[in-house]
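Enquirer: One file: start_16.cif (mmCIF, C-alpha atoms; chains and numbers go by the auth columns).
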```
data_coords
#
loop_
_atom_site.group_PDB
_atom_site.id
_atom_site.type_symbol
_atom_site.label_atom_id
_atom_site.label_comp_id
_atom_site.label_asym_id
_atom_site.label_seq_id
_atom_site.Cartn_x
_atom_site.Cartn_y
_atom_site.Cartn_z
_atom_site.B_iso_or_equiv
_atom_site.auth_seq_id
_atom_site.auth_asym_id
ATOM 1 C CA MET A 1 -16.414 74.668 20.901 0.00 1 A
ATOM 2 C CA ASP A 2 -13.928 72.004 22.001 0.00 2 A
ATOM 3 C CA PHE A 3 -11.472 70.850 19.330 0.00 3 A
ATOM 4 C CA SER A 4 -9.279 68.865 21.726 0.00 4 A
ATOM 5 C CA SER A 5 -10.316 65.536 20.182 0.00 5 A
ATOM 6 C CA VAL A 6 -8.796 66.513 16.812 0.00 6 A
ATOM 7 C CA HIS A 7 -5.284 65.193 16.212 0.00 7 A
ATOM 8 C CA ASN A 8 -2.917 64.109 13.470 0.00 8 A
ATOM 9 C CA HIS A 9 -3.345 60.408 12.726 0.00 9 A
ATOM 10 C CA HIS A 10 0.420 60.037 12.233 0.00 10 A
ATOM 11 C CA GLU A 11 1.386 61.230 15.726 0.00 11 A
ATOM 12 C CA HIS A 12 1.077 57.883 17.481 0.00 12 A
ATOM 13 C CA GLY A 13 2.937 55.996 14.753 0.00 13 A
ATOM 14 C CA VAL A 14 5.736 58.564 14.602 0.00 14 A
ATOM 15 C CA PHE A 15 6.152 58.676 18.383 0.00 15 A
ATOM 16 C CA GLN A 16 6.298 54.874 18.552 0.00 16 A
ATOM 17 C CA ALA A 17 8.772 54.690 15.658 0.00 17 A
ATOM 18 C CA VAL A 18 11.010 57.272 17.365 0.00 18 A
ATOM 19 C CA LEU A 19 11.050 55.139 20.512 0.00 19 A
ATOM 20 C CA ASP A 20 11.626 51.915 18.570 0.00 20 A
ATOM 21 C CA LEU A 21 14.343 53.298 16.285 0.00 21 A
ATOM 22 C CA SER A 22 16.110 55.223 19.049 0.00 22 A
ATOM 23 C CA LYS A 23 17.888 51.976 19.939 0.00 23 A
ATOM 24 C CA SER A 24 19.738 52.309 16.628 0.00 24 A
ATOM 25 C CA TYR A 25 20.758 55.884 17.462 0.00 25 A
ATOM 26 C CA PRO A 26 22.027 55.741 21.071 0.00 26 A
ATOM 27 C CA GLU A 27 23.963 58.987 20.704 0.00 27 A
ATOM 28 C CA ILE A 28 20.676 60.784 20.002 0.00 28 A
ATOM 29 C CA ALA A 29 18.524 58.661 22.308 0.00 29 A
ATOM 30 C CA ARG A 30 20.345 59.885 25.403 0.00 30 A
ATOM 31 C CA ASN A 31 19.115 63.437 24.714 0.00 31 A
ATOM 32 C CA GLU A 32 15.349 63.789 25.176 0.00 32 A
ATOM 33 C CA GLU A 33 15.294 67.156 23.390 0.00 33 A
ATOM 34 C CA TRP A 34 16.827 65.586 20.287 0.00 34 A
ATOM 35 C CA LEU A 35 14.228 62.787 20.330 0.00 35 A
ATOM 36 C CA ILE A 36 11.487 65.396 20.418 0.00 36 A
ATOM 37 C CA ASP A 37 13.192 67.171 17.502 0.00 37 A
ATOM 38 C CA VAL A 38 13.262 63.873 15.592 0.00 38 A
ATOM 39 C CA ALA A 39 9.521 63.429 16.171 0.00 39 A
ATOM 40 C CA CYS A 40 8.765 66.972 14.994 0.00 40 A
ATOM 41 C CA LEU A 41 10.917 66.611 11.893 0.00 41 A
ATOM 42 C CA ALA A 42 9.332 63.270 11.020 0.00 42 A
ATOM 43 C CA LEU A 43 5.801 64.622 11.499 0.00 43 A
ATOM 44 C CA ASN A 44 6.629 67.473 9.140 0.00 44 A
ATOM 45 C CA ARG A 45 7.751 64.959 6.497 0.00 45 A
ATOM 46 C CA VAL A 46 4.476 63.020 6.387 0.00 46 A
ATOM 47 C CA THR A 47 1.216 64.346 5.002 0.00 47 A
ATOM 48 C CA PRO A 48 -0.991 65.249 7.959 0.00 48 A
ATOM 49 C CA ARG A 49 -4.293 63.432 8.312 0.00 49 A
ATOM 50 C CA TYR A 50 -6.392 64.992 11.004 0.00 50 A
ATOM 51 C CA ILE A 51 -8.985 62.808 12.668 0.00 51 A
ATOM 52 C CA ARG A 52 -11.111 62.654 15.792 0.00 52 A
ATOM 53 C CA HIS A 53 -11.163 58.925 16.515 0.00 53 A
ATOM 54 C CA GLN A 54 -8.183 56.661 15.840 0.00 54 A
ATOM 55 C CA ALA A 55 -10.219 53.446 15.903 0.00 55 A
ATOM 56 C CA ASP A 56 -12.717 54.717 13.341 0.00 56 A
ATOM 57 C CA PHE A 57 -9.931 55.797 11.007 0.00 57 A
ATOM 58 C CA HIS A 58 -8.169 52.416 11.188 0.00 58 A
ATOM 59 C CA PHE A 59 -11.426 50.647 10.404 0.00 59 A
ATOM 60 C CA TYR A 60 -11.536 52.332 6.988 0.00 60 A
ATOM 61 C CA LEU A 61 -7.897 51.696 6.040 0.00 61 A
ATOM 62 C CA THR A 62 -7.055 48.793 3.753 0.00 62 A
ATOM 63 C CA ASP A 63 -4.105 46.529 4.534 0.00 63 A
ATOM 64 C CA LYS A 64 -2.225 48.170 1.679 0.00 64 A
ATOM 65 C CA GLU A 65 -2.839 51.628 3.187 0.00 65 A
ATOM 66 C CA ARG A 66 -1.743 50.439 6.651 0.00 66 A
ATOM 67 C CA ASN A 67 1.479 49.007 5.222 0.00 67 A
ATOM 68 C CA GLU A 68 2.148 52.167 3.223 0.00 68 A
ATOM 69 C CA HIS A 69 1.527 54.258 6.331 0.00 69 A
ATOM 70 C CA ALA A 70 4.051 52.181 8.294 0.00 70 A
ATOM 71 C CA ARG A 71 6.670 52.492 5.535 0.00 71 A
ATOM 72 C CA THR A 72 6.118 56.227 5.207 0.00 72 A
ATOM 73 C CA VAL A 73 6.413 56.788 8.947 0.00 73 A
ATOM 74 C CA ASN A 74 9.534 54.627 9.308 0.00 74 A
ATOM 75 C CA THR A 75 11.225 56.374 6.392 0.00 75 A
ATOM 76 C CA ALA A 76 10.369 59.810 7.786 0.00 76 A
ATOM 77 C CA VAL A 77 11.668 58.883 11.243 0.00 77 A
ATOM 78 C CA ARG A 78 14.926 57.416 9.897 0.00 78 A
ATOM 79 C CA GLU A 79 15.491 60.527 7.782 0.00 79 A
ATOM 80 C CA ALA A 80 14.781 62.711 10.815 0.00 80 A
ATOM 81 C CA PHE A 81 17.298 60.764 12.933 0.00 81 A
ATOM 82 C CA GLU A 82 19.918 61.209 10.209 0.00 82 A
ATOM 83 C CA PHE A 83 19.124 64.922 9.941 0.00 83 A
ATOM 84 C CA VAL A 84 19.562 65.417 13.694 0.00 84 A
ATOM 85 C CA ARG A 85 22.715 63.290 13.713 0.00 85 A
ATOM 86 C CA ALA A 86 24.243 65.386 10.917 0.00 86 A
ATOM 87 C CA ARG A 87 23.519 68.621 12.762 0.00 87 A
ATOM 88 C CA ALA A 88 24.270 67.503 16.313 0.00 88 A
ATOM 89 C CA GLY A 89 27.811 68.773 16.163 0.00 89 A
ATOM 90 C CA GLY A 90 30.108 65.803 16.191 0.00 90 A
ATOM 91 C CA VAL A 91 27.788 63.121 17.495 0.00 91 A
ATOM 92 C CA PRO A 92 29.474 59.906 16.370 0.00 92 A
ATOM 93 C CA ALA A 93 27.662 57.524 14.046 0.00 93 A
ATOM 94 C CA ASN A 94 26.890 53.968 15.210 0.00 94 A
#
```
Can the structure in the file be given as structure tokens, please?
Expert:
Amino acid sequence: MDFSSVHNHHEHGVFQAVLDLSKSYPEIARNEEWLIDVACLALNRVTPRYIRHQADFHFYLTDKERNEHARTVNTAVREAFEFVRARAGGVPAN
């Protein structure tokens, strides 16, 4: 049985938010390992929603649910950036 099509719906949104918000955290953005840590931390802060087909899932979301998803992801990613910043051993704030 092949389960490779199963993935967490939030992955794409979190990865994109990490890339987008990394501009606000240049001291973290220059370290790829830290960006990956940020993504992992953020994914652990959002409730997982496992799906097979992204397009099908989006079809069933209401606008309110899409907006809530975006807010939840952005909050989780910002909190993850702050967590990494606080533990990065002297990385200066912006």
Enquirer: What are the centre and edge lengths in Å, to one decimal, of the axis-aligned box around all listed atoms of range 27-30 of chain A with 8 Å added on each side, as AutoDock Vina command-line options?
Expert:
```
--center_x 21.2 --center_y 59.7 --center_z 22.7 --size_x 21.4 --size_y 18.1 --size_z 21.4
```
Enquirer: Skipping near chain neighbours, those fewer than 5 positions away, what residues fall within 9 Å of Ala80 in chain A using all atoms listed in the file, listed as a PyMOL selection string?
Expert: chain A and resi 37-42+45+75+85
Enquirer: Which one of A:Asn31, A:Ser5, A:Ser22, A:Thr47 sits closest to His69 in chain A if you count only C-alpha atoms?
Expert: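 Closest candidate: A:Thr47.
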Enquirer: What's the separation between CA of Asn44 in chain A and CA of Ile28 in chain A, in Å to one decimal place?
Expert: 19.0 Å
Enquirer: What's the 8 Å shell around Ala17 in chain A, counting all atoms listed in the file, without same-chain residues fewer than 2 positions away, as a ChimeraX atom specification?
Expert: /A:13-15,19-21,73-74,77
Enquirer: Would you work out the distance separating CA of Val46 in chain A from CA of Trp34 in chain A, expressed in Å to one decimal?
Expert: 18.8 Å
Enquirer: Record the distance separating CA of Tyr25 in chain A and CA of Phe81 in chain A, expressed in Å with one decimal.
Expert: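 Separating CA of Tyr25 in chain A from CA of Phe81 in chain A is a distance of 7.5 Å.
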Enquirer: Using all atoms listed in the file, which residue out of A:Pro48, A:Glu27, A:Leu43, A:Arg71 lies closest to Ala88 in chain A?
Expert: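 Between A:Pro48, A:Glu27, A:Leu43, A:Arg71, the residue approaching Ala88 in chain A most closely is A:Glu27.
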